[in-house]
file start-v6.txt (compact mmCIF, C-alpha atoms)
# COMPACT_ATOMS: atom_id res chain seq x y z
CA MET U 1 -8.13 25.10 76.41
CA HIS U 2 -9.33 22.62 78.96
CA VAL U 3 -9.67 19.05 77.84
CA GLU U 4 -12.26 18.43 80.54
CA ARG U 5 -14.85 20.27 78.50
CA PHE U 6 -14.60 17.62 75.80
CA ILE U 7 -15.61 14.83 78.15
CA GLY U 8 -18.86 13.33 76.94
CA GLN U 9 -18.50 14.85 73.46
CA ARG U 10 -19.25 12.48 70.63
CA SER U 11 -18.41 12.56 66.93
CA GLU U 12 -20.95 12.42 64.14
CA PRO U 13 -21.14 8.73 63.12
CA VAL U 14 -19.37 7.66 59.93
CA VAL U 15 -20.38 4.59 57.94
CA ASN U 16 -17.43 2.32 57.11
CA ALA U 17 -17.41 -0.76 54.92
CA VAL U 18 -15.42 -3.82 55.96
CA GLU U 19 -13.61 -4.24 52.66
CA LYS U 20 -12.19 -7.57 51.60
CA GLU U 21 -9.03 -6.04 50.17
CA ALA U 22 -8.42 -3.93 53.29
CA VAL U 23 -8.81 -7.01 55.51
CA ARG U 24 -6.38 -8.98 53.33
CA LYS U 25 -3.79 -6.18 53.49
CA PHE U 26 -4.24 -5.87 57.23
CA ALA U 27 -3.98 -9.63 57.82
CA GLU U 28 -0.75 -9.70 55.83
CA ALA U 29 0.66 -6.68 57.67
CA ILE U 30 0.09 -8.36 61.05
CA ALA U 31 1.53 -11.63 59.65
CA ASP U 32 -1.69 -13.55 60.21
CA PRO U 33 -2.98 -14.76 56.83
CA ASN U 34 -5.62 -16.98 58.45
CA PRO U 35 -7.80 -18.50 55.68
CA LEU U 36 -10.87 -17.15 57.49
CA TYR U 37 -9.51 -13.63 56.88
CA VAL U 38 -8.32 -14.05 53.30
CA ASP U 39 -9.62 -17.18 51.59
CA GLU U 40 -13.22 -16.67 50.53
CA LYS U 41 -13.78 -20.31 49.62
CA ALA U 42 -12.49 -21.65 52.93
CA ALA U 43 -14.46 -19.01 54.81
CA ARG U 44 -17.69 -19.92 52.99
CA MET U 45 -17.33 -23.47 54.28
CA SER U 46 -16.82 -22.33 57.87
CA ARG U 47 -19.49 -21.64 60.47
CA TYR U 48 -19.17 -17.92 59.61
CA ASP U 49 -20.30 -18.54 56.03
CA GLY U 50 -17.89 -15.83 54.86
CA LEU U 51 -14.74 -13.90 55.67
CA ILE U 52 -14.20 -12.33 59.08
CA ALA U 53 -11.82 -9.56 60.20
CA PRO U 54 -8.90 -9.84 62.67
CA PRO U 55 -9.60 -8.68 66.26
CA THR U 56 -7.58 -5.46 66.00
CA PHE U 57 -8.89 -4.51 62.53
CA PRO U 58 -11.49 -1.92 63.71
CA ARG U 59 -8.66 0.49 64.44
CA ILE U 60 -8.56 1.34 60.74
CA PHE U 61 -12.12 2.71 60.58
CA ASP U 62 -13.01 6.39 60.43
CA TYR U 63 -14.82 7.30 63.67
CA GLY U 64 -15.42 10.92 62.80
CA GLU U 65 -14.08 13.92 64.66
CA VAL U 66 -15.01 15.38 67.99
CA GLU U 67 -15.34 19.12 67.52
CA GLY U 68 -12.24 20.92 68.77
CA ILE U 69 -10.21 17.79 69.41
CA GLY U 70 -10.36 15.85 66.13
CA SER U 71 -9.91 12.11 66.37
CA PRO U 72 -9.35 11.79 70.13
CA GLY U 73 -5.97 10.39 71.13
CA GLN U 74 -4.67 10.07 67.58
CA GLY U 75 -0.98 10.89 67.31
CA PHE U 76 -0.33 10.60 71.06
CA ILE U 77 1.46 7.83 72.93
CA HIS U 78 -0.73 4.78 73.20
CA GLY U 79 -0.99 3.65 76.81
CA GLU U 80 -3.76 1.10 76.79
CA HIS U 81 -6.13 -0.50 74.34
CA ARG U 82 -9.21 -2.59 74.94
CA ILE U 83 -11.63 -4.02 72.43
CA ARG U 84 -14.73 -6.00 73.22
CA TYR U 85 -16.90 -7.72 70.64
CA GLU U 86 -20.58 -8.64 70.79
CA ARG U 87 -19.99 -10.90 67.79
CA PRO U 88 -17.35 -11.39 65.07
CA LEU U 89 -16.94 -8.66 62.47
CA PHE U 90 -17.80 -9.81 58.94
CA VAL U 91 -16.21 -8.78 55.68
CA GLY U 92 -18.73 -7.03 53.46
CA GLU U 93 -20.80 -5.49 56.21
CA GLU U 94 -21.25 -1.80 56.91
CA VAL U 95 -20.37 -0.46 60.32
CA ARG U 96 -21.53 2.84 61.75
CA CYS U 97 -18.66 4.20 63.83
CA TYR U 98 -18.35 7.03 66.30
CA ALA U 99 -15.89 8.20 68.95
CA GLU U 100 -16.55 9.69 72.36
CA VAL U 101 -14.20 11.36 74.82
CA LYS U 102 -14.73 9.51 78.11
CA ASP U 103 -12.28 11.04 80.54
CA TYR U 104 -9.20 13.19 80.99
CA TYR U 105 -6.98 13.37 84.04
CA GLU U 106 -3.44 14.34 84.92
CA LYS U 107 -0.81 12.66 87.04
CA GLU U 108 2.56 13.79 88.31
CA GLY U 109 5.26 11.76 86.53
CA ARG U 110 9.04 11.67 86.85
CA GLU U 111 9.45 14.26 84.10
CA GLY U 112 6.45 16.45 84.81
CA VAL U 113 2.69 16.24 84.60
CA LEU U 114 1.32 13.60 82.24
CA GLY U 115 -2.15 13.83 80.74
CA PHE U 116 -4.32 10.76 80.16
CA LEU U 117 -7.07 10.96 77.58
CA ILE U 118 -9.59 8.12 77.55
CA SER U 119 -11.68 7.70 74.43
CA GLU U 120 -14.19 5.14 73.31
CA ARG U 121 -14.79 4.05 69.73
CA VAL U 122 -17.92 2.12 68.91
CA GLY U 123 -18.99 0.16 65.84
CA GLU U 124 -22.64 -0.73 65.34
CA THR U 125 -24.99 -1.94 62.64
CA SER U 126 -27.22 0.49 60.74
CA GLU U 127 -29.99 -0.66 63.11
CA GLY U 128 -27.92 0.55 66.05
CA GLU U 129 -26.87 -2.87 67.39
CA ARG U 130 -23.41 -2.78 68.88
CA ILE U 131 -20.77 -4.96 67.23
CA PHE U 132 -17.71 -3.81 69.19
CA ALA U 133 -16.40 -1.09 71.45
CA MET U 134 -12.80 0.00 71.98
CA LEU U 135 -11.43 1.96 74.89
CA ASP U 136 -8.10 3.67 74.39
CA THR U 137 -5.86 5.55 76.76
CA ALA U 138 -3.58 8.13 75.15
CA VAL U 139 -0.71 9.58 77.15
CA LEU U 140 0.21 13.25 76.69
CA THR U 141 3.77 14.06 77.71
CA PRO U 142 4.57 17.50 79.21
CA GLY U 143 5.90 18.53 75.77
CA MET U 144 2.68 17.54 74.03
CA ARG U 145 0.55 19.25 76.67
CA GLU U 146 2.54 22.44 76.18
CA LYS U 147 2.21 22.24 72.39
CA LEU U 148 -1.56 21.86 72.73
CA GLY U 149 -1.76 24.62 75.32
CA LEU U 150 -3.12 22.38 78.08
CA MET L 1 -5.61 -24.03 61.02
CA SER L 2 -5.81 -26.83 63.52
CA GLY L 3 -9.03 -28.77 63.32
CA GLU L 4 -9.27 -29.42 67.06
CA LYS L 5 -11.88 -27.70 69.17
CA PRO L 6 -9.89 -26.17 72.02
CA ALA L 7 -10.46 -26.73 75.74
CA TRP L 8 -8.13 -25.03 78.22
CA ARG L 9 -7.66 -25.64 81.91
CA VAL L 10 -6.55 -22.95 84.31
CA GLY L 11 -2.79 -22.61 84.01
CA ASP L 12 -2.58 -24.01 80.48
CA GLU L 13 -0.10 -22.07 78.37
CA LEU L 14 -0.87 -20.86 74.87
CA ASP L 15 1.81 -21.88 72.39
CA GLU L 16 4.28 -19.02 72.60
CA ARG L 17 5.32 -17.56 69.28
CA THR L 18 8.55 -15.72 68.62
CA LEU L 19 8.15 -13.32 65.73
CA PRO L 20 10.82 -12.35 63.22
CA PRO L 21 12.76 -9.15 64.12
CA VAL L 22 10.80 -5.97 63.42
CA THR L 23 11.75 -4.49 60.05
CA ARG L 24 11.20 -1.09 58.51
CA SER L 25 9.24 -2.56 55.59
CA GLN L 26 6.92 -4.31 58.04
CA LEU L 27 6.16 -1.00 59.78
CA VAL L 28 5.58 0.73 56.44
CA ARG L 29 3.22 -2.09 55.48
CA TYR L 30 1.35 -1.85 58.78
CA ALA L 31 1.15 1.96 58.50
CA GLU L 32 -0.44 1.58 55.07
CA ALA L 33 -2.80 -1.22 56.08
CA SER L 34 -3.91 0.47 59.31
CA GLY L 35 -3.91 4.10 58.21
CA ASP L 36 -1.72 5.02 61.20
CA HIS L 37 0.81 7.29 59.56
CA ASN L 38 2.41 8.74 62.69
CA PRO L 39 5.97 9.32 61.37
CA ILE L 40 7.63 8.05 64.59
CA HIS L 41 6.96 4.57 63.16
CA THR L 42 8.66 5.15 59.83
CA SER L 43 11.06 8.10 60.06
CA VAL L 44 14.20 8.05 62.22
CA ARG L 45 14.24 11.84 62.31
CA ALA L 46 10.62 12.09 63.49
CA ALA L 47 11.28 9.42 66.13
CA GLU L 48 14.36 11.25 67.41
CA GLU L 49 12.51 14.56 67.46
CA ALA L 50 9.91 12.88 69.65
CA GLY L 51 12.64 11.93 72.10
CA LEU L 52 12.91 8.27 71.08
CA SER L 53 16.21 6.56 70.39
CA GLY L 54 14.90 5.26 67.07
CA VAL L 55 11.85 4.21 65.07
CA ILE L 56 9.33 2.29 67.19
CA ALA L 57 6.69 -0.24 66.17
CA HIS L 58 3.01 0.71 66.40
CA GLY L 59 1.50 -0.30 69.73
CA MET L 60 -1.45 -1.74 67.83
CA LEU L 61 0.91 -3.97 65.84
CA THR L 62 2.08 -5.47 69.13
CA ALA L 63 -1.56 -5.80 70.23
CA ALA L 64 -2.33 -7.60 66.97
CA ALA L 65 0.59 -9.95 67.61
CA MET L 66 -0.88 -10.73 71.02
CA GLY L 67 -3.97 -12.06 69.24
CA LEU L 68 -1.92 -14.44 67.07
CA PRO L 69 -1.91 -17.37 69.55
CA PHE L 70 -5.71 -17.56 69.14
CA SER L 71 -5.65 -17.62 65.36
CA PRO L 72 -5.46 -21.46 65.05
CA TYR L 73 -8.79 -21.77 66.90
CA LEU L 74 -10.90 -19.30 64.90
CA GLU L 75 -12.91 -22.07 63.32
CA HIS L 76 -14.30 -22.83 66.75
CA GLY L 77 -14.66 -19.42 68.29
CA TYR L 78 -13.38 -15.86 68.32
CA VAL L 79 -11.58 -13.29 70.43
CA LYS L 80 -14.28 -11.70 72.56
CA GLU L 81 -12.08 -9.23 74.33
CA LEU L 82 -8.48 -8.07 74.18
CA LYS L 83 -7.09 -5.67 76.74
CA VAL L 84 -3.51 -4.51 76.39
CA ARG L 85 -1.34 -2.17 78.41
CA PHE L 86 1.73 -0.94 76.57
CA SER L 87 4.68 -0.77 78.94
CA GLY L 88 7.79 -0.76 76.76
CA MET L 89 8.97 0.34 73.35
CA VAL L 90 9.52 -2.05 70.46
CA TYR L 91 12.36 -0.87 68.21
CA LEU L 92 13.53 -1.98 64.78
CA GLY L 93 15.31 -5.32 65.04
CA ASP L 94 13.56 -6.32 68.26
CA GLU L 95 12.40 -9.90 68.47
CA ILE L 96 9.07 -10.20 70.27
CA SER L 97 7.56 -13.33 71.78
CA VAL L 98 3.81 -13.48 72.43
CA GLY L 99 2.00 -15.91 74.65
CA GLY L 100 -0.26 -16.31 77.63
CA ASN L 101 -1.99 -18.68 80.00
CA ALA L 102 -5.58 -19.59 80.84
CA THR L 103 -6.95 -18.09 84.05
CA GLY L 104 -10.56 -19.26 84.05
CA ALA L 105 -13.65 -20.22 82.10
CA VAL L 106 -17.39 -19.58 82.34
CA GLU L 107 -20.42 -20.78 80.39
CA THR L 108 -22.16 -18.05 78.41
CA ALA L 109 -25.09 -17.94 75.98
CA GLU L 110 -22.59 -18.03 73.08
CA GLY L 111 -20.48 -20.88 74.43
CA ARG L 112 -17.66 -21.46 76.86
CA LEU L 113 -15.73 -18.25 77.50
CA TYR L 114 -12.07 -18.68 78.44
CA ASP L 115 -10.01 -15.96 80.10
CA PHE L 116 -6.29 -15.54 79.60
CA GLU L 117 -3.42 -13.44 80.76
CA VAL L 118 -1.47 -12.40 77.69
CA ARG L 119 1.92 -10.79 77.23
CA ALA L 120 4.46 -9.70 74.65
CA ARG L 121 8.08 -9.78 75.73
CA LYS L 122 11.45 -8.80 74.34
CA GLY L 123 13.81 -11.24 76.03
CA GLU L 124 12.91 -10.87 79.69
CA ASP L 125 11.39 -7.39 79.25
CA VAL L 126 7.61 -7.33 79.05
CA VAL L 127 6.62 -4.70 76.45
CA ALA L 128 2.86 -5.24 76.69
CA SER L 129 0.59 -7.23 78.93
CA GLY L 130 -3.08 -7.69 79.53
CA THR L 131 -5.97 -10.08 79.27
CA ALA L 132 -7.88 -11.81 76.49
CA SER L 133 -11.14 -13.71 76.36
CA PHE L 134 -11.91 -16.31 73.74
CA VAL L 135 -15.35 -17.84 73.31
CA VAL L 136 -15.62 -21.39 71.99
CA PHE L 137 -18.98 -22.01 70.34
CA GLU L 138 -21.10 -24.91 71.60
call {"tool": "encode", "arguments": {"input": "start-v6.txt", "output": "structure tokens"}}
result
Amino acid sequence: MHVERFIGQRSEPVVNAVEKEAVRKFAEAIADPNPLYVDEKAARMSRYDGLIAPPTFPRIFDYGEVEGIGSPGQGFIHGEHRIRYERPLFVGEEVRCYAEVKDYYEKEGREGVLGFLISERVGETSEGERIFAMLDTAVLTPGMREKLGL
Amino acid sequence: MSGEKPAWRVGDELDERTLPPVTRSQLVRYAEASGDHNPIHTSVRAAEEAGLSGVIAHGMLTAAAMGLPFSPYLEHGYVKELKVRFSGMVYLGDEISVGGNATGAVETAEGRLYDFEVRARKGEDVVASGTASFVVFE
């Protein structure tokens, strides 16, 4: 199996809801119970006119699976993460999410050849307007590459 | 929440926060809340089988912590971008400090966009570093 052939492959989009309870649980787990994340009344009085989600929340969404590779990068060592927003993410909205394999390359490391899998995860409105995009680099150790037959 | 609308100058430091030591129950809670059930974050055996010397915290939990210094200003703006490179492991019991400093600002259609260098460190060891942008609405 050559990972290169997955470059450019995209998952079927999955619609995710930004659920109030999920945001509350997440905010508590990251020890950031900001009223704008958890207190509906306070959030209503803010400029957002409702609850918003923490910056790293979109990681919890289902982005669908890329055929042959599943959820790209999941379960590997996380090397880098980037998220960029077009606007804040609101509780109660629906987000259409998909993943795309962007790149794969290998580099000689101290303990053998390491693989680097770059994947993008995008969240957009049902009208196709982008809300955020994440770019993740997963690192595949020689052991993982062997296990996957790379 | 602080009521003040923030304005940073280049070089200004964000208030550094030192978080309580990482606990097992915190990682279980984050695994449940995030849906990341990779056992290296909750099972000693799985961590050791993966060649680690013990259970490690989720990278994305460290990334989330790196967003904490912006939380007091959310009434006035939001995190536009967060870019994190994970460079060290965070083990159970580790005490992480998160902070950063302003590196620039530009006017955008949404408001003034501030750039920061951000980092998470364990004592003197940097475990994650990167950049963040925060837009303050007009």
call {"tool": "closest_residue", "arguments": {"input": "start-v6.txt", "among": "L:Val44, L:Val127, L:Met60, L:Val98", "to": "chain U", "atoms": "only C-alpha atoms"}}
result
L:Met60
call {"tool": "closest_residue", "arguments": {"input": "start-v6.txt", "among": "U:Phe26, U:Tyr104, U:Phe116, U:Tyr63", "to": "U:Pro13", "atoms": "only C-alpha atoms"}}
result
U:Tyr63
call {"tool": "closest_atom_pairs", "arguments": {"input": "start-v6.txt", "of": "chain L", "to": "chain U", "cutoff": "8 Å", "atoms": "only C-alpha atoms", "output": "Markdown table"}}
result
| residue | atom | partner | partner_atom | distance |
| --- | --- | --- | --- | --- |
| L:Met1 | CA | U:Asn34 | CA | 7.5 |
| L:Gln26 | CA | U:Ala29 | CA | 6.7 |
| L:Arg29 | CA | U:Ala29 | CA | 5.7 |
| L:Tyr30 | CA | U:Ala29 | CA | 5.0 |
| L:Ala33 | CA | U:Phe26 | CA | 5.0 |
| L:Ser34 | CA | U:Ile60 | CA | 4.9 |
| L:Gly35 | CA | U:Ile60 | CA | 6.0 |
| L:Asp36 | CA | U:Ile60 | CA | 7.8 |
| L:Asn38 | CA | U:Gly75 | CA | 6.1 |
| L:Gly59 | CA | U:His78 | CA | 6.5 |
| L:Met60 | CA | U:Thr56 | CA | 7.4 |
| L:Leu61 | CA | U:Ile30 | CA | 6.5 |
| L:Ala63 | CA | U:Thr56 | CA | 7.4 |
| L:Ala64 | CA | U:Thr56 | CA | 5.8 |
| L:Ala65 | CA | U:Ile30 | CA | 6.8 |
| L:Gly67 | CA | U:Pro55 | CA | 7.2 |
| L:Leu68 | CA | U:Asp32 | CA | 6.9 |
| L:Ser71 | CA | U:Asn34 | CA | 6.9 |
| L:Pro72 | CA | U:Asn34 | CA | 8.0 |
| L:Leu74 | CA | U:Leu36 | CA | 7.7 |
| L:Glu75 | CA | U:Ser46 | CA | 6.7 |
| L:Tyr78 | CA | U:Pro88 | CA | 6.8 |
| L:Val79 | CA | U:Pro55 | CA | 6.5 |
| L:Lys80 | CA | U:Tyr85 | CA | 5.1 |
| L:Glu81 | CA | U:Arg84 | CA | 4.3 |
| L:Leu82 | CA | U:Ile83 | CA | 5.4 |
| L:Lys83 | CA | U:Arg82 | CA | 4.1 |
| L:Val84 | CA | U:His81 | CA | 5.2 |
| L:Arg85 | CA | U:Glu80 | CA | 4.4 |
| L:Phe86 | CA | U:Gly79 | CA | 5.3 |
| L:Ser87 | CA | U:Gly79 | CA | 7.5 |
call {"tool": "residues_around", "arguments": {"input": "start-v6.txt", "residues": "stretch 106-113 of chain L", "least_positions_apart": "6", "cutoff": "7 Å", "atoms": "all atoms listed in the file", "output": "MDAnalysis selection string"}}
result
chainID L and resid 133:138
call {"tool": "residues_around", "arguments": {"input": "start-v6.txt", "residues": "U:Ser119", "least_positions_apart": "2", "cutoff": "8 Å", "atoms": "only C-alpha atoms", "output": "PyMOL selection string"}}
result
chain U and resi 72-73+99-103+117+121+135-137
call {"tool": "atom_distance", "arguments": {"input": "start-v6.txt", "atom1": "atom CA of L:Gly100", "atom2": "atom CA of L:Leu52"}}
result
28.6 Å
call {"tool": "atom_distance", "arguments": {"input": "start-v6.txt", "atom1": "atom CA of U:Val139", "atom2": "atom CA of L:Ile56"}}
result
15.9 Å
call {"tool": "atom_distance", "arguments": {"input": "start-v6.txt", "atom1": "atom CA of U:Ser126", "atom2": "atom CA of U:Glu94"}}
result
7.5 Å
call {"tool": "closest_residue", "arguments": {"input": "start-v6.txt", "among": "L:Gly54, L:Arg24, L:Glu4, L:Leu14", "to": "L:Asp115", "atoms": "all atoms listed in the file"}}
result
L:Leu14
call {"tool": "residues_around", "arguments": {"input": "start-v6.txt", "residues": "U:Tyr105", "least_positions_apart": "3", "cutoff": "10 Å", "atoms": "all atoms listed in the file", "output": "VMD selection string"}}
result
chain U and resid 3 to 4 114 to 118
call {"tool": "residues_around", "arguments": {"input": "start-v6.txt", "residues": "L:Ala57", "least_positions_apart": "4", "cutoff": "10 Å", "atoms": "all atoms listed in the file", "output": "MDAnalysis selection string"}}
result
chainID L and resid 22:24 26:28 30:31 40:42 61:62 89:92 94
call {"tool": "closest_residue", "arguments": {"input": "start-v6.txt", "among": "L:Ala102, L:Ala7, L:Met66, L:Ala132", "to": "L:Arg119", "atoms": "all atoms listed in the file"}}
result
L:Met66
call {"tool": "closest_residue", "arguments": {"input": "start-v6.txt", "among": "L:Gly123, L:Gly11, L:Gly130, L:Gly77", "to": "L:Glu95", "atoms": "all atoms listed in the file"}}
result
L:Gly123
call {"tool": "decode", "arguments": {"input": "start-v6.txt", "residues": "stretch 22-56 of chain U", "atoms": "N, CA and C atoms", "output": "short mmCIF file (atom, residue, chain, number, x, y, z; two decimals), in the first residue's frame"}}
result
data_model
loop_
_atom_site.label_atom_id
_atom_site.label_comp_id
_atom_site.auth_asym_id
_atom_site.auth_seq_id
_atom_site.Cartn_x
_atom_site.Cartn_y
_atom_site.Cartn_z
N ALA U 22 -22.43 18.79 24.80
CA ALA U 22 -21.08 18.38 24.39
C ALA U 22 -20.09 19.52 24.62
N VAL U 23 -20.51 20.75 24.35
CA VAL U 23 -19.64 21.91 24.55
C VAL U 23 -19.36 22.10 26.05
N ARG U 24 -20.40 21.92 26.87
CA ARG U 24 -20.21 22.06 28.31
C ARG U 24 -19.21 21.03 28.84
N LYS U 25 -19.39 19.77 28.40
CA LYS U 25 -18.48 18.71 28.83
C LYS U 25 -17.04 18.99 28.39
N PHE U 26 -16.93 19.47 27.17
CA PHE U 26 -15.61 19.76 26.62
C PHE U 26 -14.95 20.92 27.37
N ALA U 27 -15.73 21.97 27.62
CA ALA U 27 -15.20 23.14 28.33
C ALA U 27 -14.72 22.74 29.72
N GLU U 28 -15.47 21.86 30.36
CA GLU U 28 -15.07 21.40 31.69
C GLU U 28 -13.80 20.54 31.60
N ALA U 29 -13.73 19.69 30.59
CA ALA U 29 -12.57 18.81 30.44
C ALA U 29 -11.28 19.59 30.17
N ILE U 30 -11.39 20.73 29.50
CA ILE U 30 -10.18 21.54 29.26
C ILE U 30 -10.02 22.61 30.34
N ALA U 31 -10.81 22.51 31.39
CA ALA U 31 -10.74 23.43 32.54
C ALA U 31 -10.92 24.89 32.11
N ASP U 32 -11.90 25.12 31.24
CA ASP U 32 -12.18 26.48 30.79
C ASP U 32 -13.69 26.73 30.77
N PRO U 33 -14.31 26.77 31.96
CA PRO U 33 -15.77 26.96 31.98
C PRO U 33 -16.16 28.43 31.77
N ASN U 34 -15.69 29.00 30.66
CA ASN U 34 -16.03 30.39 30.32
C ASN U 34 -17.55 30.50 30.20
N PRO U 35 -18.17 31.52 30.81
CA PRO U 35 -19.63 31.66 30.71
C PRO U 35 -20.13 31.66 29.26
N LEU U 36 -19.32 32.14 28.34
CA LEU U 36 -19.76 32.16 26.94
C LEU U 36 -19.83 30.76 26.34
N TYR U 37 -19.21 29.79 27.00
CA TYR U 37 -19.29 28.39 26.56
C TYR U 37 -20.43 27.64 27.25
N VAL U 38 -20.74 28.05 28.49
CA VAL U 38 -21.63 27.21 29.31
C VAL U 38 -22.86 27.89 29.89
N ASP U 39 -22.86 29.20 29.96
CA ASP U 39 -23.96 29.91 30.63
C ASP U 39 -24.84 30.62 29.58
N GLU U 40 -25.96 29.97 29.28
CA GLU U 40 -26.80 30.45 28.19
C GLU U 40 -27.25 31.90 28.40
N LYS U 41 -27.58 32.23 29.64
CA LYS U 41 -28.09 33.57 29.93
C LYS U 41 -27.02 34.63 29.69
N ALA U 42 -25.82 34.35 30.19
CA ALA U 42 -24.71 35.29 30.00
C ALA U 42 -24.39 35.42 28.51
N ALA U 43 -24.43 34.28 27.82
CA ALA U 43 -24.08 34.29 26.40
C ALA U 43 -25.11 35.07 25.57
N ARG U 44 -26.38 34.97 25.97
CA ARG U 44 -27.44 35.71 25.27
C ARG U 44 -27.20 37.22 25.32
N MET U 45 -26.61 37.66 26.45
CA MET U 45 -26.39 39.09 26.63
C MET U 45 -25.10 39.57 25.97
N SER U 46 -24.33 38.64 25.44
CA SER U 46 -23.06 39.02 24.80
C SER U 46 -23.29 39.37 23.34
N ARG U 47 -22.25 39.84 22.69
CA ARG U 47 -22.34 40.20 21.27
C ARG U 47 -22.67 38.98 20.40
N TYR U 48 -22.40 37.76 20.92
CA TYR U 48 -22.65 36.56 20.13
C TYR U 48 -24.12 36.15 20.16
N ASP U 49 -24.87 36.70 21.11
CA ASP U 49 -26.28 36.41 21.26
C ASP U 49 -26.54 34.91 21.43
N GLY U 50 -25.59 34.22 22.06
CA GLY U 50 -25.75 32.78 22.29
C GLY U 50 -24.41 32.17 22.63
N LEU U 51 -24.44 30.88 22.95
CA LEU U 51 -23.22 30.18 23.35
C LEU U 51 -22.29 29.96 22.15
N ILE U 52 -20.99 30.00 22.43
CA ILE U 52 -19.99 29.67 21.41
C ILE U 52 -19.18 28.46 21.90
N ALA U 53 -18.37 27.90 21.00
CA ALA U 53 -17.58 26.71 21.34
C ALA U 53 -16.10 27.09 21.49
N PRO U 54 -15.36 26.37 22.35
CA PRO U 54 -13.92 26.64 22.51
C PRO U 54 -13.16 26.40 21.20
N PRO U 55 -12.01 27.08 21.03
CA PRO U 55 -11.26 27.00 19.77
C PRO U 55 -10.90 25.58 19.32
N THR U 56 -10.60 24.69 20.26
CA THR U 56 -10.16 23.35 19.85
C THR U 56 -11.32 22.34 19.80
#
